[in-house]
$ cat upload_32.csv   # CSV, C-alpha atoms
chain,number,residue,atom,x,y,z
A,1,MET,CA,68.9,1.9,-109.9
A,2,THR,CA,65.9,3.9,-111.1
A,3,PRO,CA,63.8,2.7,-114.1
A,4,SER,CA,65.0,5.7,-116.1
A,5,ALA,CA,68.6,4.7,-115.7
A,6,GLN,CA,67.9,1.2,-117.0
A,7,GLY,CA,67.5,-0.3,-120.5
A,8,PRO,CA,64.3,-0.6,-122.5
A,9,ALA,CA,63.7,-4.1,-121.3
A,10,ALA,CA,64.1,-3.2,-117.7
A,11,ARG,CA,61.8,-0.2,-118.1
A,12,ALA,CA,59.2,-2.4,-119.8
A,13,VAL,CA,59.3,-4.8,-116.8
A,14,HIS,CA,59.0,-1.9,-114.3
A,15,ARG,CA,56.1,-0.6,-116.3
A,16,PHE,CA,54.1,-3.8,-117.0
A,17,VAL,CA,54.8,-6.1,-114.1
A,18,PRO,CA,52.7,-4.1,-111.7
A,19,VAL,CA,49.8,-4.3,-114.2
A,20,VAL,CA,50.2,-7.7,-115.7
A,21,LEU,CA,50.6,-9.6,-112.3
A,22,PRO,CA,47.4,-8.3,-110.7
A,23,LEU,CA,45.5,-8.7,-114.0
A,24,GLY,CA,46.9,-12.2,-114.2
A,25,VAL,CA,45.6,-13.1,-110.7
A,26,LEU,CA,42.2,-11.6,-111.5
A,27,ALA,CA,42.1,-13.5,-114.8
A,28,VAL,CA,42.9,-16.8,-113.1
A,29,ALA,CA,40.2,-16.1,-110.6
A,30,GLY,CA,37.8,-15.2,-113.4
A,31,GLY,CA,38.7,-18.3,-115.4
A,32,GLY,CA,37.5,-20.4,-112.5
A,33,LEU,CA,34.1,-18.9,-112.4
A,34,PRO,CA,31.3,-21.1,-113.9
A,35,SER,CA,29.1,-20.0,-116.8
A,36,PHE,CA,25.7,-18.5,-116.2
A,37,GLU,CA,26.2,-18.2,-112.4
A,38,PRO,CA,25.2,-15.0,-110.5
A,39,ARG,CA,28.7,-14.6,-109.1
A,40,THR,CA,30.1,-14.7,-112.7
A,41,TYR,CA,27.7,-12.0,-113.8
A,42,LEU,CA,28.6,-10.0,-110.7
A,43,ALA,CA,32.4,-10.3,-111.4
A,44,VAL,CA,32.0,-9.2,-115.0
A,45,ALA,CA,29.7,-6.3,-114.0
A,46,ALA,CA,32.0,-5.2,-111.3
A,47,ALA,CA,35.1,-5.2,-113.5
A,48,GLY,CA,33.1,-3.5,-116.3
A,49,THR,CA,31.8,-0.8,-114.0
A,50,VAL,CA,35.2,0.0,-112.6
A,51,VAL,CA,36.8,0.3,-116.0
A,52,ALA,CA,33.8,2.2,-117.5
A,53,VAL,CA,33.9,4.8,-114.6
A,54,LEU,CA,37.7,5.2,-114.9
A,55,ALA,CA,37.8,5.3,-118.7
A,56,LEU,CA,34.8,7.7,-119.0
A,57,ARG,CA,35.7,10.2,-116.3
A,58,PRO,CA,36.5,13.7,-117.6
A,59,ARG,CA,40.0,14.3,-118.8
A,60,PRO,CA,42.2,16.6,-116.7
A,61,ALA,CA,43.3,18.4,-119.9
A,62,ALA,CA,42.7,18.2,-123.6
A,63,PRO,CA,44.7,15.5,-125.3
A,64,PRO,CA,47.5,16.6,-127.6
A,65,ALA,CA,46.6,16.3,-131.2
A,66,PRO,CA,48.6,13.7,-133.2
A,67,ALA,CA,51.4,15.0,-135.3
A,68,THR,CA,50.1,13.2,-138.4
A,69,PRO,CA,46.6,11.7,-138.6
A,70,PRO,CA,46.4,8.1,-139.7
A,71,SER,CA,45.6,8.8,-143.3
A,72,ARG,CA,45.8,5.2,-144.5
A,73,TRP,CA,43.2,3.7,-142.2
A,74,TRP,CA,41.1,2.3,-145.0
A,75,PRO,CA,42.9,-1.2,-145.2
A,76,TRP,CA,41.4,-1.9,-141.8
A,77,ALA,CA,37.9,-1.6,-143.3
A,78,GLY,CA,38.6,-4.8,-145.2
A,79,PRO,CA,38.9,-7.3,-142.2
A,80,ALA,CA,36.2,-5.4,-140.3
A,81,ALA,CA,33.7,-5.6,-143.2
A,82,VAL,CA,34.4,-9.3,-143.8
A,83,PHE,CA,34.0,-10.0,-140.1
A,84,GLY,CA,30.7,-8.2,-140.1
A,85,VAL,CA,29.4,-9.9,-143.2
A,86,LEU,CA,30.4,-13.4,-141.8
A,87,GLU,CA,28.8,-12.7,-138.4
A,88,PHE,CA,25.5,-11.3,-139.8
A,89,TRP,CA,25.3,-14.1,-142.3
A,90,ALA,CA,25.6,-16.7,-139.5
A,91,LEU,CA,23.1,-14.8,-137.4
A,92,LEU,CA,20.5,-14.2,-140.1
A,93,PHE,CA,20.8,-17.7,-141.7
A,94,PRO,CA,21.7,-20.0,-138.9
A,95,ALA,CA,22.8,-23.5,-139.8
A,96,PRO,CA,24.9,-26.2,-138.1
A,97,ASP,CA,27.7,-25.6,-140.5
A,98,ARG,CA,27.5,-21.8,-140.1
A,99,PRO,CA,28.5,-21.0,-136.6
A,100,THR,CA,28.9,-17.4,-135.3
A,101,PHE,CA,32.2,-16.2,-133.9
A,102,SER,CA,30.8,-16.7,-130.4
A,103,ASP,CA,29.8,-20.3,-131.2
A,104,LEU,CA,33.4,-21.0,-132.3
A,105,LEU,CA,34.8,-19.5,-129.2
A,106,ASP,CA,32.4,-21.4,-126.8
A,107,PRO,CA,34.5,-24.6,-126.6
A,108,LEU,CA,37.7,-22.6,-125.9
A,109,LEU,CA,36.0,-20.4,-123.2
A,110,ALA,CA,34.4,-23.5,-121.6
A,111,ASP,CA,37.9,-24.6,-120.5
A,112,PRO,CA,39.1,-22.8,-117.4
A,113,VAL,CA,42.5,-22.1,-119.0
A,114,GLY,CA,40.9,-20.6,-122.1
A,115,ARG,CA,38.5,-18.7,-120.0
A,116,ALA,CA,41.4,-17.3,-117.9
A,117,VAL,CA,43.1,-16.2,-121.2
A,118,GLY,CA,39.9,-14.5,-122.3
A,119,TRP,CA,39.6,-12.7,-118.9
A,120,PHE,CA,43.2,-11.6,-119.2
A,121,ALA,CA,42.7,-10.2,-122.7
A,122,TRP,CA,39.5,-8.5,-121.7
A,123,LEU,CA,41.1,-6.9,-118.5
A,124,LEU,CA,44.2,-5.9,-120.4
A,125,THR,CA,42.1,-4.1,-123.0
A,126,GLY,CA,40.2,-2.4,-120.2
A,127,TRP,CA,43.4,-1.2,-118.6
A,128,TRP,CA,44.4,0.1,-122.1
A,129,LEU,CA,41.1,2.0,-122.3
A,130,VAL,CA,41.7,3.5,-118.9
A,131,ARG,CA,45.2,4.6,-119.8
A,132,ARG,CA,44.0,6.1,-123.0
A,133,ARG,CA,41.7,8.6,-121.3
B,1,MET,CA,34.8,-25.6,-140.7
B,2,MET,CA,34.6,-23.1,-143.5
B,3,MET,CA,33.4,-20.4,-141.1
B,4,ALA,CA,36.3,-21.2,-138.7
B,5,VAL,CA,38.7,-20.8,-141.5
B,6,ALA,CA,37.1,-17.6,-142.7
B,7,PHE,CA,37.1,-16.0,-139.2
B,8,ALA,CA,40.7,-17.2,-138.7
B,9,ALA,CA,41.6,-15.5,-142.0
B,10,VAL,CA,40.1,-12.3,-140.8
B,11,LEU,CA,42.1,-12.4,-137.6
B,12,VAL,CA,45.3,-13.2,-139.5
B,13,ALA,CA,44.7,-10.3,-141.9
B,14,ALA,CA,44.2,-7.9,-139.0
B,15,ALA,CA,47.5,-9.2,-137.4
B,16,VAL,CA,49.3,-8.7,-140.7
B,17,LEU,CA,48.1,-5.2,-140.9
B,18,ASP,CA,49.1,-4.4,-137.4
B,19,VAL,CA,52.6,-5.9,-137.8
B,20,THR,CA,53.0,-4.1,-141.1
B,21,ALA,CA,52.0,-0.8,-139.4
B,22,ARG,CA,54.6,-1.3,-136.7
B,23,ARG,CA,57.5,-2.5,-138.9
B,24,ARG,CA,57.0,-0.1,-141.8
B,25,PRO,CA,56.1,3.3,-140.5
B,26,GLU,CA,56.7,4.7,-144.0
B,27,SER,CA,53.6,2.9,-145.1
B,28,ARG,CA,51.5,5.4,-143.0
B,29,LEU,CA,49.3,2.5,-142.1
B,30,PRO,CA,48.0,3.1,-138.5
B,31,THR,CA,48.1,0.3,-136.0
B,32,LEU,CA,44.8,-1.0,-134.6
B,33,GLY,CA,45.6,0.9,-131.4
B,34,ARG,CA,46.1,4.1,-133.3
B,35,CYS,CA,42.8,3.7,-135.1
B,36,LEU,CA,41.1,3.1,-131.8
B,37,ALA,CA,42.9,6.1,-130.2
B,38,VAL,CA,41.4,8.3,-132.9
B,39,VAL,CA,37.9,7.1,-132.1
B,40,LEU,CA,38.6,7.5,-128.4
B,41,ARG,CA,39.4,11.2,-128.8
B,42,HIS,CA,35.7,11.9,-129.4
B,43,PRO,CA,33.3,11.6,-126.4
B,44,ALA,CA,30.7,9.6,-128.3
B,45,GLY,CA,33.4,7.3,-129.7
B,46,ARG,CA,34.8,6.8,-126.3
B,47,VAL,CA,31.5,5.8,-124.9
B,48,ALA,CA,30.8,3.4,-127.8
B,49,VAL,CA,34.2,1.7,-127.4
B,50,VAL,CA,33.8,1.3,-123.6
B,51,LEU,CA,30.3,0.0,-124.0
B,52,ALA,CA,31.5,-2.5,-126.7
B,53,TRP,CA,34.2,-3.6,-124.3
B,54,CYS,CA,31.7,-4.1,-121.5
B,55,TRP,CA,29.4,-6.1,-123.9
B,56,MET,CA,32.3,-8.4,-124.9
B,57,GLY,CA,33.0,-9.2,-121.3
B,58,TRP,CA,29.3,-9.9,-120.6
B,59,HIS,CA,28.8,-11.9,-123.8
B,60,PHE,CA,32.0,-14.0,-123.8
B,61,LEU,CA,33.0,-14.4,-120.1
B,62,ALA,CA,29.7,-14.4,-118.2
B,63,ARG,CA,28.2,-17.2,-120.2

$ encode --input "upload_32.csv" --output "structure tokens"
Amino acid sequence: MTPSAQGPAARAVHRFVPVVLPLGVLAVAGGGLPSFEPRTYLAVAAAGTVVAVLALRPRPAAPPAPATPPSRWWPWAGPAAVFGVLEFWALLFPAPDRPTFSDLLDPLLADPVGRAVGWFAWLLTGWWLVRRR
Amino acid sequence: MMMAVAFAAVLVAAAVLDVTARRRPESRLPTLGRCLAVVLRHPAGRVAVVLAWCWMGWHFLAR
């Protein structure tokens, strides 16, 4: 049975499994890499370079214009602005009770499982950027 | 603790906006992906988003 003859769930599996599985394997491998080690920097740089090259290569054709532009984008400015203010406040006036977002994530990313989840989210976003070119 | 709560509130607010955009199309609220897609249509925006993505990997995963 071809994917087009199947239901939405089967089509989603056919579409995402070939992506999610390799990214999952890479994420587990990345999660096992130690902090501040040359091989870790190399792995991040290699993944970043591959995605940047693929995402920034010229498009084969002009993308179709959206039917309706997102006219009500402004509610998104709220969380973005609050995040920016919190981050700059923590950076400009550092204090033990005023950690940055990175400081808060450090304990989670120190754990191999949390690190693998971070790798997976990062790689999945990179794949999305490549697909969106 | 207060900062953790504040950052968590920001993430929850973003999640609520995204879910609202998906469940209520009549709200004309774009999803986060749609907002990013608009930025990605411009060459400078595309470079900025890809560089930001690279920086996140370097900052959060290499250290």

$ closest_residue --input "upload_32.csv" --among "B:Ala21, B:Val38, B:Leu29, B:Ala48" --to "chain A" --atoms "only C-alpha atoms"
B:Leu29

$ interface_residues --input "upload_32.csv" --of "chain A" --to "chain B" --cutoff "6 Å" --atoms "all atoms listed in the file" --output "list of chain:residue names"
A:Ser35, A:Phe36, A:Thr40, A:Tyr41, A:Gly48, A:Pro70, A:Arg72, A:Pro79

$ residues_around --input "upload_32.csv" --residues "Leu109 of chain A" --least-positions-apart "3" --cutoff "10 Å" --atoms "only C-alpha atoms" --output "mmCIF file with C-alpha atoms, in the frame of the given file"
data_model
loop_
_atom_site.group_PDB
_atom_site.id
_atom_site.type_symbol
_atom_site.label_atom_id
_atom_site.label_comp_id
_atom_site.auth_asym_id
_atom_site.auth_seq_id
_atom_site.Cartn_x
_atom_site.Cartn_y
_atom_site.Cartn_z
ATOM 1 C CA GLY A 31 38.700 -18.300 -115.400
ATOM 2 C CA SER A 35 29.100 -20.000 -116.800
ATOM 3 C CA SER A 102 30.800 -16.700 -130.400
ATOM 4 C CA LEU A 104 33.400 -21.000 -132.300
ATOM 5 C CA LEU A 105 34.800 -19.500 -129.200
ATOM 6 C CA ASP A 106 32.400 -21.400 -126.800
ATOM 7 C CA PRO A 112 39.100 -22.800 -117.400
ATOM 8 C CA VAL A 113 42.500 -22.100 -119.000
ATOM 9 C CA GLY A 114 40.900 -20.600 -122.100
ATOM 10 C CA ARG A 115 38.500 -18.700 -120.000
ATOM 11 C CA ALA A 116 41.400 -17.300 -117.900
ATOM 12 C CA VAL A 117 43.100 -16.200 -121.200
ATOM 13 C CA GLY A 118 39.900 -14.500 -122.300
ATOM 14 C CA TRP A 119 39.600 -12.700 -118.900
ATOM 15 C CA PHE B 60 32.000 -14.000 -123.800
ATOM 16 C CA LEU B 61 33.000 -14.400 -120.100
ATOM 17 C CA ARG B 63 28.200 -17.200 -120.200
#

$ residues_around --input "upload_32.csv" --residues "Gly84 of chain A" --least-positions-apart "6" --cutoff "12 Å" --atoms "all atoms listed in the file" --output "PyMOL selection string"
(chain A and resi 77-78+90-92+100-101) or (chain B and resi 6-7+10)

$ atom_distance --input "upload_32.csv" --atom1 "atom CA of Val20 of chain A" --atom2 "atom CA of Ala44 of chain B"
29.0 Å

$ atom_distance --input "upload_32.csv" --atom1 "atom CA of Val19 of chain B" --atom2 "atom CA of Pro99 of chain A"
28.5 Å

$ closest_residue --input "upload_32.csv" --among "A:Leu26, A:Ala9, A:Leu56, A:Leu108" --to "Leu124 of chain A" --atoms "only C-alpha atoms"
A:Leu26

$ atom_distance --input "upload_32.csv" --atom1 "atom CA of Ala81 of chain A" --atom2 "atom CA of Ala15 of chain B"
15.4 Å

$ build_atoms --input "upload_32.csv" --residues "segment 9-29 of chain B" --atoms "N, CA and C atoms" --output "PDB file, in the coordinates of the input"
ATOM      1  N   ALA B   9      41.007 -16.335-140.986  1.00  0.00           N
ATOM      2  CA  ALA B   9      41.600 -15.500-142.000  1.00  0.00           C
ATOM      3  C   ALA B   9      41.492 -14.037-141.728  1.00  0.00           C
ATOM      4  N   VAL B  10      40.325 -13.658-141.206  1.00  0.00           N
ATOM      5  CA  VAL B  10      40.100 -12.300-140.800  1.00  0.00           C
ATOM      6  C   VAL B  10      41.081 -11.836-139.733  1.00  0.00           C
ATOM      7  N   LEU B  11      41.232 -12.702-138.732  1.00  0.00           N
ATOM      8  CA  LEU B  11      42.100 -12.400-137.600  1.00  0.00           C
ATOM      9  C   LEU B  11      43.590 -12.305-138.106  1.00  0.00           C
ATOM     10  N   VAL B  12      43.961 -13.228-138.992  1.00  0.00           N
ATOM     11  CA  VAL B  12      45.300 -13.200-139.500  1.00  0.00           C
ATOM     12  C   VAL B  12      45.546 -11.923-140.342  1.00  0.00           C
ATOM     13  N   ALA B  13      44.555 -11.540-141.138  1.00  0.00           N
ATOM     14  CA  ALA B  13      44.700 -10.300-141.900  1.00  0.00           C
ATOM     15  C   ALA B  13      44.864  -9.099-141.016  1.00  0.00           C
ATOM     16  N   ALA B  14      44.100  -9.051-139.919  1.00  0.00           N
ATOM     17  CA  ALA B  14      44.200  -7.900-139.000  1.00  0.00           C
ATOM     18  C   ALA B  14      45.626  -7.952-138.333  1.00  0.00           C
ATOM     19  N   ALA B  15      46.117  -9.138-137.998  1.00  0.00           N
ATOM     20  CA  ALA B  15      47.500  -9.200-137.400  1.00  0.00           C
ATOM     21  C   ALA B  15      48.523  -8.774-138.384  1.00  0.00           C
ATOM     22  N   VAL B  16      48.369  -9.158-139.653  1.00  0.00           N
ATOM     23  CA  VAL B  16      49.300  -8.700-140.700  1.00  0.00           C
ATOM     24  C   VAL B  16      49.334  -7.225-140.830  1.00  0.00           C
ATOM     25  N   LEU B  17      48.137  -6.630-140.825  1.00  0.00           N
ATOM     26  CA  LEU B  17      48.100  -5.200-140.900  1.00  0.00           C
ATOM     27  C   LEU B  17      48.750  -4.493-139.757  1.00  0.00           C
ATOM     28  N   ASP B  18      48.517  -5.010-138.564  1.00  0.00           N
ATOM     29  CA  ASP B  18      49.100  -4.400-137.400  1.00  0.00           C
ATOM     30  C   ASP B  18      50.626  -4.517-137.376  1.00  0.00           C
ATOM     31  N   VAL B  19      51.109  -5.708-137.731  1.00  0.00           N
ATOM     32  CA  VAL B  19      52.600  -5.900-137.800  1.00  0.00           C
ATOM     33  C   VAL B  19      53.178  -5.025-138.864  1.00  0.00           C
ATOM     34  N   THR B  20      52.513  -4.931-140.001  1.00  0.00           N
ATOM     35  CA  THR B  20      53.000  -4.100-141.100  1.00  0.00           C
ATOM     36  C   THR B  20      53.078  -2.620-140.616  1.00  0.00           C
ATOM     37  N   ALA B  21      52.058  -2.173-139.916  1.00  0.00           N
ATOM     38  CA  ALA B  21      52.000  -0.800-139.400  1.00  0.00           C
ATOM     39  C   ALA B  21      53.181  -0.518-138.465  1.00  0.00           C
ATOM     40  N   ARG B  22      53.525  -1.511-137.668  1.00  0.00           N
ATOM     41  CA  ARG B  22      54.600  -1.300-136.700  1.00  0.00           C
ATOM     42  C   ARG B  22      55.982  -1.407-137.339  1.00  0.00           C
ATOM     43  N   ARG B  23      56.144  -2.308-138.292  1.00  0.00           N
ATOM     44  CA  ARG B  23      57.500  -2.500-138.900  1.00  0.00           C
ATOM     45  C   ARG B  23      57.780  -1.564-140.016  1.00  0.00           C
ATOM     46  N   ARG B  24      56.744  -1.029-140.646  1.00  0.00           N
ATOM     47  CA  ARG B  24      57.000  -0.100-141.800  1.00  0.00           C
ATOM     48  C   ARG B  24      56.241   1.184-141.556  1.00  0.00           C
ATOM     49  N   PRO B  25      56.808   2.065-140.754  1.00  0.00           N
ATOM     50  CA  PRO B  25      56.100   3.300-140.500  1.00  0.00           C
ATOM     51  C   PRO B  25      55.945   4.179-141.751  1.00  0.00           C
ATOM     52  N   GLU B  26      56.815   3.957-142.750  1.00  0.00           N
ATOM     53  CA  GLU B  26      56.700   4.700-144.000  1.00  0.00           C
ATOM     54  C   GLU B  26      55.423   4.389-144.758  1.00  0.00           C
ATOM     55  N   SER B  27      54.794   3.262-144.392  1.00  0.00           N
ATOM     56  CA  SER B  27      53.600   2.900-145.100  1.00  0.00           C
ATOM     57  C   SER B  27      52.388   3.789-144.666  1.00  0.00           C
ATOM     58  N   ARG B  28      52.567   4.550-143.588  1.00  0.00           N
ATOM     59  CA  ARG B  28      51.500   5.400-143.000  1.00  0.00           C
ATOM     60  C   ARG B  28      50.259   4.675-142.688  1.00  0.00           C
ATOM     61  N   LEU B  29      50.422   3.362-142.512  1.00  0.00           N
ATOM     62  CA  LEU B  29      49.300   2.500-142.100  1.00  0.00           C
ATOM     63  C   LEU B  29      49.234   2.596-140.555  1.00  0.00           C
TER      64      LEU B  29
END
